[in-house]
Structure formats: structure tokens, C-alpha cells
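Chemist: Provided below: run.txt, containing compact mmCIF, C-alpha atoms.
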# COMPACT_ATOMS: atom_id res chain seq x y z
CA MET A 1 0.00 0.00 0.00
CA ASP A 2 1.11 3.55 -0.82
CA GLY A 3 -1.60 5.82 0.56
CA ASP A 4 -4.78 4.59 -1.10
CA ARG A 5 -2.91 2.84 -3.92
CA LEU A 6 -2.51 -0.93 -3.87
CA VAL A 7 -0.11 -3.08 -5.86
CA GLY A 8 -0.39 -6.86 -5.56
CA THR A 9 2.24 -9.24 -6.90
CA SER A 10 2.37 -12.98 -7.47
CA SER A 11 4.08 -15.14 -4.88
CA GLY A 12 5.34 -17.33 -7.70
CA SER A 13 3.76 -20.43 -6.17
CA GLY A 14 2.29 -21.85 -9.34
CA GLY A 15 -0.96 -21.54 -11.23
CA GLY A 16 -1.76 -22.26 -14.85
CA CYS A 17 0.04 -19.20 -16.21
CA LYS A 18 3.17 -19.75 -14.08
CA PHE A 19 3.48 -16.10 -13.05
CA SER A 20 6.99 -15.56 -11.76
CA ALA A 21 7.45 -14.18 -8.26
CA GLY A 22 6.97 -10.42 -8.17
CA THR A 23 4.74 -10.22 -11.27
CA GLU A 24 2.20 -7.43 -10.81
CA VAL A 25 -1.24 -9.05 -10.95
CA LEU A 26 -3.41 -6.49 -9.16
CA ALA A 27 -3.10 -2.69 -9.11
CA GLY A 28 -5.55 0.05 -8.23
CA GLU A 29 -6.74 2.71 -5.79
CA PHE A 30 -9.19 2.54 -2.91
CA GLN A 31 -12.25 4.78 -2.79
CA GLY A 32 -13.48 4.04 0.70
CA ASN A 33 -13.84 0.26 0.85
CA VAL A 34 -14.03 -0.10 -2.94
CA LEU A 35 -10.86 -0.86 -4.89
CA VAL A 36 -10.83 0.40 -8.50
CA ALA A 37 -8.30 -1.91 -10.05
CA THR A 38 -6.84 -3.81 -12.97
CA LEU A 39 -6.52 -7.56 -12.41
CA GLN A 40 -4.50 -10.12 -14.36
CA VAL A 41 -6.48 -13.33 -14.66
CA CYS A 42 -5.17 -16.68 -15.88
CA LEU A 43 -7.78 -18.04 -18.30
CA ALA A 44 -8.63 -21.52 -19.49
CA GLY A 45 -11.30 -22.98 -21.73
CA THR A 46 -11.46 -22.58 -25.50
CA PRO A 47 -8.15 -22.10 -27.37
CA GLU A 48 -8.88 -18.38 -27.68
CA CYS A 49 -9.09 -18.11 -23.89
CA VAL A 50 -5.88 -19.76 -22.74
CA GLY A 51 -3.36 -17.40 -21.12
CA ALA A 52 -3.23 -14.29 -18.96
CA ARG A 53 -5.45 -11.29 -19.62
CA SER A 54 -6.06 -8.01 -17.78
CA PHE A 55 -9.54 -6.91 -16.72
CA PRO A 56 -10.84 -3.69 -15.14
CA THR A 57 -12.58 -4.60 -11.91
CA LEU A 58 -14.13 -3.24 -8.74
CA ALA A 59 -13.29 -5.10 -5.55
CA THR A 60 -15.07 -4.62 -2.23
CA TYR A 61 -13.15 -4.86 1.03
CA ASN A 62 -14.94 -6.12 4.15
CA PRO A 63 -13.10 -4.92 7.29
CA HIS A 64 -15.06 -7.37 9.48
CA SER A 65 -13.83 -10.49 7.70
CA GLY A 66 -10.65 -9.14 6.11
CA VAL A 67 -11.84 -10.25 2.67
CA LEU A 68 -11.34 -8.46 -0.62
CA SER A 69 -13.72 -9.79 -3.28
CA ALA A 70 -14.29 -8.92 -6.92
CA ARG A 71 -16.61 -10.28 -9.59
CA VAL A 72 -14.83 -10.59 -12.94
CA ARG A 73 -16.69 -10.61 -16.26
CA LEU A 74 -14.90 -13.15 -18.45
CA PRO A 75 -15.35 -13.66 -22.21
CA LYS A 76 -17.85 -16.30 -23.27
CA GLY A 77 -16.44 -19.80 -23.03
CA CYS A 78 -13.63 -18.80 -20.67
CA HIS A 79 -13.09 -19.69 -17.03
CA SER A 80 -10.29 -19.38 -14.52
CA PRO A 81 -9.13 -21.75 -11.77
CA GLY A 82 -8.41 -18.67 -9.68
CA LEU A 83 -12.06 -17.63 -9.56
CA LYS A 84 -15.02 -19.25 -7.86
CA ASP A 85 -18.25 -18.51 -9.72
CA PHE A 86 -16.39 -15.66 -11.47
CA VAL A 87 -15.44 -14.13 -8.12
CA LEU A 88 -11.90 -13.53 -6.83
CA PHE A 89 -11.42 -13.81 -3.07
CA LEU A 90 -8.35 -12.51 -1.25
CA ARG A 91 -8.32 -13.12 2.48
CA SER A 92 -5.92 -11.96 5.15
CA THR A 93 -4.10 -14.35 7.44
CA GLY A 94 -3.95 -11.61 10.07
CA ALA A 95 -7.15 -9.58 9.70
CA GLY A 96 -9.85 -8.76 12.19
CA GLU A 97 -7.90 -6.62 14.67
CA SER A 98 -9.83 -3.44 13.86
CA GLU A 99 -11.92 -1.74 11.21
CA ASP A 100 -9.65 1.18 10.36
CA ASP A 101 -7.01 1.59 7.67
CA THR A 102 -4.64 -0.61 9.66
CA ALA A 103 -7.06 -3.52 9.22
CA LYS A 104 -7.24 -2.75 5.52
CA ASP A 105 -3.46 -2.82 5.31
CA GLY A 106 -3.47 -6.11 7.17
CA ALA A 107 -5.97 -7.67 4.81
CA LEU A 108 -3.80 -6.71 1.86
CA GLY A 109 -0.45 -7.76 3.22
CA GLY A 110 0.50 -4.24 4.24
CA ARG A 111 2.60 -2.94 7.10
CA GLY A 112 2.80 -5.14 10.18
CA ALA A 113 0.64 -7.94 8.80
CA SER A 114 0.87 -11.32 7.18
CA PRO A 115 0.49 -11.33 3.39
CA ALA A 116 -2.92 -11.86 1.86
CA VAL A 117 -3.66 -15.33 0.51
CA ALA A 118 -3.78 -14.91 -3.26
CA ASP A 119 -2.77 -18.28 -4.70
CA GLU A 120 -5.14 -19.71 -7.27
CA GLU A 121 -6.01 -22.68 -5.09
CA ASP A 122 -7.03 -20.45 -2.16
CA ALA A 123 -8.84 -17.98 -4.37
CA ALA A 124 -10.86 -20.75 -5.92
CA GLU A 125 -11.85 -22.25 -2.57
CA PRO A 126 -12.15 -19.59 0.16
CA LYS A 127 -12.03 -21.36 3.50
CA GLY A 128 -14.14 -20.59 6.55
CA SER A 129 -17.41 -18.73 6.94
CA GLU A 130 -15.56 -15.44 7.38
CA THR A 131 -14.64 -15.36 3.70
CA ARG A 132 -18.31 -15.47 2.77
CA ALA A 133 -19.34 -12.45 4.83
CA ALA A 134 -21.38 -9.91 2.91
CA PRO A 135 -19.19 -7.04 1.67
CA THR A 136 -19.83 -3.56 2.98
CA GLY A 137 -20.09 -0.35 0.99
CA PRO A 138 -22.25 0.65 -1.98
CA GLY A 139 -23.91 -1.94 -4.18
CA PRO A 140 -23.16 -2.46 -7.89
CA VAL A 141 -25.62 0.16 -9.15
CA GLU A 142 -24.45 2.79 -6.66
CA GLN A 143 -20.84 2.06 -7.62
CA GLY A 144 -21.70 2.36 -11.30
CA LEU A 145 -23.45 5.69 -10.80
CA LEU A 146 -20.47 7.01 -8.87
CA PHE A 147 -18.17 6.18 -11.77
CA LEU A 148 -20.66 7.64 -14.23
CA ALA A 149 -20.85 10.83 -12.18
CA SER A 150 -17.05 11.25 -12.41
CA LYS A 151 -17.57 12.40 -16.04
CA SER A 152 -14.42 10.53 -17.05
CA PRO A 153 -14.87 8.23 -20.08
CA ASN A 154 -11.92 6.27 -18.70
CA LYS A 155 -14.18 5.10 -15.87
CA TRP A 156 -17.17 4.15 -18.02
CA GLY A 157 -15.80 0.61 -18.36
CA PHE A 158 -15.93 0.22 -14.59
CA ALA A 159 -19.45 1.68 -14.51
CA GLN A 160 -20.61 -0.67 -17.24
CA THR A 161 -19.37 -3.78 -15.44
CA ARG A 162 -21.28 -2.71 -12.32
CA PHE A 163 -24.52 -2.06 -14.23
CA GLU A 164 -24.21 -5.37 -16.07
CA ALA A 165 -23.70 -7.19 -12.77
CA ALA A 166 -26.84 -5.54 -11.37
CA LEU A 167 -28.86 -6.49 -14.46
CA VAL A 168 -27.86 -10.13 -14.09
CA ALA A 169 -29.49 -10.06 -10.65
CA ASN A 170 -32.45 -7.94 -11.77
CA PRO A 171 -32.96 -7.43 -15.54
CA GLN A 172 -35.48 -4.65 -14.83
CA ASP A 173 -33.29 -2.51 -12.54
CA ILE A 174 -34.20 0.95 -13.80
CA ASP A 175 -31.13 2.71 -12.39
CA ALA A 176 -28.84 0.18 -14.07
CA LEU A 177 -30.70 0.48 -17.38
CA VAL A 178 -30.54 4.28 -17.24
CA GLY A 179 -26.84 4.02 -16.43
CA MET A 180 -26.25 1.80 -19.45
CA ALA A 181 -28.20 4.25 -21.63
CA ALA A 182 -26.06 7.13 -20.37
CA ILE A 183 -22.87 5.25 -21.27
CA HIS A 184 -24.10 4.43 -24.80
CA LEU A 185 -25.23 8.03 -25.33
CA GLY A 186 -21.88 9.33 -24.09
CA GLN A 187 -20.23 7.09 -26.67
CA GLY A 188 -22.49 8.49 -29.40
CA ASN A 189 -24.55 5.32 -29.80
CA PRO A 190 -28.23 6.26 -29.30
CA GLY A 191 -29.43 3.09 -31.04
CA LYS A 192 -27.86 0.90 -28.37
CA ALA A 193 -29.12 3.23 -25.63
CA HIS A 194 -32.67 2.70 -26.85
CA GLN A 195 -32.60 -0.96 -27.88
CA GLU A 196 -30.48 -2.40 -25.06
CA ALA A 197 -31.58 -0.19 -22.19
CA LEU A 198 -34.46 2.28 -22.36
CA SER A 199 -36.81 0.09 -24.41
CA ARG A 200 -36.69 -2.45 -21.58
CA ILE A 201 -38.31 0.03 -19.16
CA ARG A 202 -41.96 -0.64 -19.97
CA PRO A 203 -44.18 0.74 -18.68
CA VAL A 204 -42.29 3.78 -17.38
CA PRO A 205 -43.25 4.22 -13.70
CA PRO A 206 -44.72 7.65 -12.89
CA THR A 207 -42.03 7.97 -10.21
CA ARG A 208 -39.28 7.86 -12.85
CA PRO A 209 -39.81 10.88 -15.12
CA ASP A 210 -36.07 10.90 -15.83
CA VAL A 211 -36.60 7.93 -18.16
CA TYR A 212 -38.57 10.19 -20.52
CA ALA A 213 -35.74 12.73 -20.38
CA TRP A 214 -33.26 10.03 -21.44
CA GLN A 215 -35.63 8.96 -24.21
CA ALA A 216 -35.66 12.60 -25.35
CA TYR A 217 -31.85 12.60 -25.41
CA VAL A 218 -31.92 9.49 -27.63
CA ALA A 219 -34.43 11.17 -29.95
CA ASP A 220 -32.23 14.27 -30.13
CA GLN A 221 -29.15 12.24 -31.09
CA GLN A 222 -31.20 10.44 -33.73
CA GLY A 223 -32.48 13.72 -35.20
CA ASP A 224 -36.11 13.18 -34.15
CA GLY A 225 -36.88 16.74 -33.03
CA GLY A 226 -40.64 16.22 -32.72
CA SER A 227 -40.26 13.43 -30.20
CA VAL A 228 -37.78 15.45 -28.14
CA GLN A 229 -40.41 18.01 -27.15
CA ARG A 230 -43.13 15.44 -26.52
CA LEU A 231 -40.89 13.36 -24.25
CA LEU A 232 -39.52 16.36 -22.38
CA ARG A 233 -43.05 17.58 -21.66
CA LYS A 234 -43.88 14.14 -20.23
CA ALA A 235 -40.81 14.27 -18.00
CA LEU A 236 -41.59 17.79 -16.80
CA GLU A 237 -45.27 17.01 -16.19
CA LEU A 238 -44.15 14.23 -13.86
CA ASN A 239 -41.91 16.68 -11.97
CA TRP A 240 -38.52 15.91 -13.49
CA SER A 241 -36.24 18.73 -12.33
CA PRO A 242 -33.57 19.80 -14.85
CA GLU A 243 -32.70 22.72 -12.57
CA ASN A 244 -31.23 20.23 -10.10
CA PRO A 245 -29.84 17.44 -12.28
CA LYS A 246 -28.15 14.41 -10.82
CA PRO A 247 -24.42 14.34 -11.67
CA TRP A 248 -24.94 11.77 -14.44
CA GLU A 249 -27.77 13.88 -15.92
CA GLU A 250 -25.66 17.00 -16.43
CA ALA A 251 -24.59 16.08 -19.98
CA LEU A 252 -28.23 15.45 -20.89
CA VAL A 253 -29.38 18.80 -19.50
CA LYS A 254 -26.57 20.65 -21.27
CA ALA A 255 -27.28 18.97 -24.61
CA LEU A 256 -31.04 19.64 -24.42
CA ALA A 257 -30.94 23.08 -22.73
CA GLY A 258 -32.82 24.86 -25.51
CA ASP A 259 -35.42 22.11 -25.87
CA ILE A 260 -35.97 21.98 -22.12
CA GLU A 261 -36.56 25.73 -21.98
CA LEU A 262 -39.08 25.51 -24.82
CA ALA A 263 -40.91 22.58 -23.20
CA GLN A 264 -41.13 24.50 -19.92
CA LYS A 265 -42.61 27.52 -21.71
CA GLN A 266 -45.17 25.34 -23.44
CA LEU A 267 -46.29 23.81 -20.15
CA LYS A 268 -46.59 27.25 -18.52
CA SER A 269 -48.68 28.43 -21.46
CA ARG A 270 -51.04 25.49 -21.02
CA LYS A 271 -51.47 26.21 -17.33
CA ARG A 272 -52.37 29.85 -18.03
CA ALA A 273 -55.13 28.80 -20.44
CA PRO A 274 -57.15 25.97 -18.84
CA GLY A 275 -59.65 24.33 -21.14
CA ARG A 276 -58.02 25.82 -24.20
CA GLU A 277 -57.85 22.49 -26.01
CA ALA A 278 -61.59 21.91 -25.55
CA ALA A 279 -62.41 25.45 -26.69
CA GLY A 280 -60.25 25.08 -29.76
CA ALA A 281 -62.54 22.46 -31.33
CA GLY A 282 -59.81 19.88 -31.64
CA SER A 283 -57.00 22.22 -32.65
CA PRO A 284 -53.60 21.18 -31.29
CA SER A 285 -52.42 22.83 -28.10
CA PRO A 286 -49.18 24.85 -28.22
I need this file expressed as C-alpha cells, please.

Modeler:
Amino acid sequence: MDGDRLVGTSSGSGGGCKFSAGTEVLAGEFQGNVLVATLQVCLAGTPECVGARSFPTLATYNPHSGVLSARVRLPKGCHSPGLKDFVLFLRSTGAGESEDDTAKDGALGGRGASPAVADEEDAAEPKGSETRAAPTGPGPVEQGLLFLASKSPNKWGFAQTRFEAALVANPQDIDALVGMAAIHLGQGNPGKAHQEALSRIRPVPPTRPDVYAWQAYVADQQGDGGSVQRLLRKALELNWSPENPKPWEEALVKALAGDIELAQKQLKSRKRAPGREAAGAGSPSP
């Protein structure tokens, strides 16, 4: 450990890829009890899988059990003897003394502690009930939104893995689907944002007007100006608040600033003239 930065190296004790002692296999920085890291994984399976490959990952540290755990998304057809159900477990041989940074250092083989167990055999079969303790800290969706809110495209990969993990558990998780849509839109791919994320939110709950705002953003990127206004009015009617956007909504609000202002004016005009649609004998409202 160097401050919040962690570097983990192989003990050189074996494994399918025969990492030599001192090979860097894990590196990242802690944000609270979450480690944002790159992990080298030894893969097996189809011929295309065999060998070592690096993956971005988020690991959660549990100070109560001294366990660092991370779910790794492997390519189709690949597996690793170092993972159990696609999860890496690192456990301390000297954890549990306290819950402060000293305990974290202990769990990771830091100052004044025994090294963490990181051999493939141990990682594949965590021993003792302590290694199965539920991790603390934010869940996958909350982690993904935090990365999305950082506004750094370099962190979108981490956000995406968190949202995908959440959608495996609950395919209808609206926050995860909105997060995926935001990533696709940020990458200039509105088709994916609609087809793979927003179209799965049906019906849109009245408590989630932001979904209509994201649909408007998709329509804007696809050049469908008429739908932009209609969808923004729906969002505003359900009390979506562009004046106080969530951090991951800021790009949306900036991109649609003019359309949002126009939609707000149209709604105010309607409120000033109640019954205008009925009086207009079927003529469209402004």
C-alpha cells in the first residue's frame, strides 16, 4: 500500500500461467472500501481463452472479515481456476484486529501484517465462513453511478461492469438500465441506448420521469426533433427537475438546454389557459 494505492504481486507459487514471483497481478486505488483496479487473470477454456489477460474490476473490502472480493466478467467460453463462480477472493491471514485503515493494510499484506492469501487454489476455494461475509459499501448500481458521475470516459468501463452485474441479478433494474443508456449516449450510440436499455423500461413508472428525459436525449441524437419536445413535456409534467440534475444527468441537461426551456414555456402556457384544447374544437395545443 502507498496511501490509497494498492499493488499486488504474485508469490510465484504456481498456477496455470506460471506467473513468476513479483509479477504485478493487481493494481488500483481505494475509494473508501471499494478498490478500482486492474486484475491479471489466468484463463482456461477454448483455445482463444488460454493465457493471462487483464480486466478492469471493482473489488469490495470487508473490514469485518478481512476479505477483498471482486466479480470478474470473463469472455464467453472462458473460465479461470483462480475464480469461484467468477469471483476472486483474497483473504488476510492476520485480519480482524480493527476496522480502520490498519485492518485494511493487514488484509492486503500491508505494514505489520501477514500477506494476503492470493494463490489460485485459495482464491478458488475460500475457507471458513468469514470469507463469505457480505461485503460492505455501496452496491453495484451505486458504484456504477459514482463512476458515471465522475464524467471521465476512462471510468465508463468500470461503470458498465457494475450495471451489467446488477442487471444479471435484476434485468429490470431501472437505475442500471438508465446508467447503461447514459454510457451508450456518451459514446455516441443512441441506437444501443434505446434498444439495449431504455426500451426495456416498460411501462415507465410515474415515479421515474427521468426515463422520458433520457428517451428525449436518444431522440435528439437520432435527429427526431418532434419526439424530443413530446418526451420532455412528459418528463416535466411528472416533476422531473432539470434545474437540479443528478451528476450523471448534467450532460443530458446541457445537450437539451434549448429544448428543455421551450418545453417549460409550453407547459406554462397550457397552465395559463385551462380548457383551451376543448375550446379550440380539436385544434392542437401549443

Chemist: Quick one: residues within 8 Å of (1.5, -2.2, -5.3) (file frame), counting only C-alpha atoms, please, as a list in words.

Modeler: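 It turns out the residues near that spot are Met1, Asp2, Arg5, Leu6, Val7, Gly8, Thr9, Glu24, Leu26, Ala27 and Gly28 of chain A.
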
Chemist: Let me make sure I understand: among A:Ala197, A:Val253, A:Val25, A:Ala213, which one has the smallest atom-to-atom distance to A:Gln40 if we use all atoms listed in the file?

Modeler: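 Among the listed residues, A:Val25 lies closest to A:Gln40.
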
Chemist: Do you have the atom CA of A:Ala169-atom CA of A:Ser152 distance handy?

Modeler: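 It comes out at 26.3 Å.
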
Chemist: Could you list, as an NGL selection string, every residue within 8 Å of A:Asp210, counting all atoms listed in the file and ignoring same-chain residues fewer than 4 positions away?

Modeler: :A and (214 or 235 or 240)

Chemist: Print the selection's residues with C-alpha atoms to a file, as a compact mmCIF listing (two decimals), in the frame of the given file.

Modeler:
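Dumped to part19.txt:
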# COMPACT_ATOMS: atom_id res chain seq x y z
CA TRP A 214 -33.26 10.03 -21.44
CA ALA A 235 -40.81 14.27 -18.00
CA TRP A 240 -38.52 15.91 -13.49

Chemist: Please indicate the distance in Å from atom CA of A:Thr57 to atom CA of A:Ser69, rounded to one decimal place.

Modeler: 10.1 Å

Chemist: Counting all atoms listed in the file, which of A:Gly12, A:Leu43, A:Gly51, A:Thr60 gets nearest to A:Ser80?

Modeler: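 Between A:Gly12, A:Leu43, A:Gly51, A:Thr60, the residue approaching A:Ser80 most closely is A:Leu43.
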
Chemist: Counting only C-alpha atoms, which residue out of A:Lys268, A:Lys155, A:Lys234, A:Lys192 sits closest to A:Val178?

Modeler: A:Lys192

Chemist: Got a sec: who's within 10 Å of A:His79, counting all atoms listed in the file, leaving out chain neighbours fewer than 4 positions off, as a PyMOL selection string?

Modeler: chain A and resi 41-46+49-50+73-75+83-86

Chemist: Please measure the separation of atom CA of A:Asp259 and atom CA of A:Gly225, giving the value in Å to one decimal.

Modeler: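 Those two atoms sit 9.1 Å apart.
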
Chemist: Nearest to A:Val36 among A:Ala257, A:Leu167, A:Ala159, A:Ala216, with distances taken over all atoms listed in the file: which residue is it?

Modeler: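 Looking at the shortest contact to A:Val36, the residue is A:Ala159.
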
Chemist: Rank nothing, just name the residue among A:Gln222, A:Ser227, A:Asn33, A:Ser11 nearest to A:Asn189, using all atoms listed in the file.

Modeler: A:Gln222

Chemist: Determine, counting only C-alpha atoms, every residue of protein, DNA or RNA that lies within 12 Å of (-22.2, 4.0, -26.9) in the file coordinates, then give the result as a ChimeraX atom specification.

Modeler: /A:153,156-157,160,179-197,218,221

Chemist: May I ask which of the residues A:Lys254, A:Arg233, A:Lys18, A:Lys246 is the closest one to A:Leu145, counting all atoms listed in the file?

Modeler: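 Under the stated criterion, the closest residue is A:Lys246.
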
Chemist: Give me, as a PyMOL selection string, all polymer residues having an atom no more than 12 Å from A:Pro205, counting all atoms listed in the file and skipping those fewer than 3 positions away in the same chain.

Modeler: chain A and resi 172+174+201-202+208-212+234-235+238

Chemist: If we count all atoms listed in the file, what is near A:Glu261 at a cut-off of 12 Å, once residues fewer than 5 positions away on the same chain are taken out, given as a ChimeraX atom specification?

Modeler: /A:229,232-233,236,241-243,253-256,266-268
